[in-house]
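These notes concern the structure reproduced below.
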Amino acid sequence: MSPRQPRRRSYDQYCASARALDAVGDRWTLLIVRELLAGPRRYTDLHADLPGVSTDVLAGRLKDMEAQGLATRRKLPPPAAATVYELTARGAGLLPVLTALAEWGAPDLAERRPTDALRAHWYALPLLRRLPPTGVPAVVDVVLDEGVFHLRLGGDGPARGGGPVYGDGPAEAADARLVLDADTCRELGEGALAVAQAVRTGRLKVHGEGPAAAALRG
């Protein structure tokens with residue numbers, strides 16, 4: 001019996017789209033990128049925030065992402081002494097791809113299925129593109145019943161060395177705080193509701209005194 005051949009990993013097409021799919025077309029890869037856009041993550045954290053992925057598949061995808069130059073692995077110094085994965089500049093360059101996919105898929109979120117998992121920070125990328133310019137770099141906490149995440153507005157973004165565009169949990173020092181429910185966040189993300197209208201009707205409450213908070217209030 002001849003040995004099993006490795007799974008074909010290329011479309012073997014001289015096409016930019018095909019080359020891109022060679023790198024990120026496997027199931028789970030772009031969702032791992034979504035998680036790593038929040039900054040370095042431990043394997044256990046990634047597994048917790050990717051419900052449904054097996055440990056073998058996650059380990060395999062991370063290994064593939066390292067081989068493709070999309071992610072790197074490093075060990076944090078003591079006292080953490082944990083191994084984390086983070087995006088390279090090439091991996092971080094997938095931010096507009098994820099943003100476009102989120103916009104394209106937003107209409108399918110009209111009804112949440114009973115089997116759908118949810119993490120609050122999954123609203124980060126859709127919401128990020130809908131918030132008005134703050135005029136200055138700012139960090140904004142977003143508070144939902146499902147959890148808290150924070151957005152970094154007005155920066156260069158990770159592909160240009162500007163750091164992650166969002167993070168799970170509250171920021172250490174936020175310039176503003178947005179309080180809203182998941183339905184409002186979803187409607188804002190898909191463009192069905194404007195930020196100014198959400199503020200005016202009380203569906204979005206903006207806390208803070210600086211220029212960022214004033215800009216978000218409109």
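As shown in the structure tokens, the chain order sets the letters A, B, ...; within each chain, residues go from 1, and ligands are also counted from 1 in the order they appear.
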| message | Run DSSP on the backbone and tell me which residues of stretch 12-190 of chain A come out as strand (DSSP E or B); list them as JSON, numbers by chain. | response | {"A": [41, 42, 71, 72, 73, 74, 75, 83, 84, 85, 86, 87, 138, 139, 140, 141, 142, 143, 144, 147, 148, 149, 150, 151, 152, 153, 166, 167, 168, 176, 177, 178, 179]}
| query | Can you list, as a list in words, every protein, DNA or RNA residue that comes within 9 Å of A:Gly208 when you count only C-alpha atoms, leaving out same-chain residues fewer than 6 positions away? | reply |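 The neighbour list is Ala174, Asp175, Ala176, Arg177 and Ala214 of chain A.
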| Near A:Ala198, counting only C-alpha atoms, which residues have an atom at most 10 Å away, once you skip same-chain residues fewer than 5 positions from it, shown as number ranges by chain? | A: 180, 184-185, 187-188, 193, 203-205, 217
| task | Write down as a PyMOL selection string the residues belonging to stretch 6-205 of chain A that are assigned helix (DSSP H, G or I) by DSSP computed on the backbone. | result | chain A and resi 16-24+29-36+43-48+55-67+89-92+95-109+120-128+158-160+182-190+195-200
| Of the candidates A:Asp56, A:Thr44, A:Ala23, A:Leu131, which one gets nearest to A:Tyr11 if we count only C-alpha atoms? |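 For A:Tyr11, the nearest of the candidates is A:Ala23.
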| field | Option closest in space to A:Arg129, from A:Leu95, A:Leu144, A:Val33, A:Ala48 [counting only C-alpha atoms] | value | A:Leu95
| So how many Å separate atom CA of A:Gly93 and atom CA of A:Val148, to one decimal? |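 Atom-to-atom, atom CA of A:Gly93 to atom CA of A:Val148, that is 25.1 Å.
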| Nearest to A:Arg200, chosen from A:Ala82, A:Leu216, A:Ala120, A:Val165, with only C-alpha atoms counted in the distances |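 Closest candidate: A:Leu216.
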| field | Surrounding residues of A:Ser10 excluding itself and chain neighbours under 5 positions, 9 Å, only C-alpha atoms, as a count of residues only | value | 5
| said: Can you pull out the residues contacting A:Leu31? Cut-off 10 Å, using only C-alpha atoms, and skip same-chain residues under 5 positions away; I want them as JSON, numbers by chain. | reply: {"A": [24, 36, 37, 46, 49, 50, 98, 122]}
| task | Just give me the gap between atom CA of A:Pro126 and atom CA of A:Pro40 in Å, one decimal is fine. | result | 20.7 Å
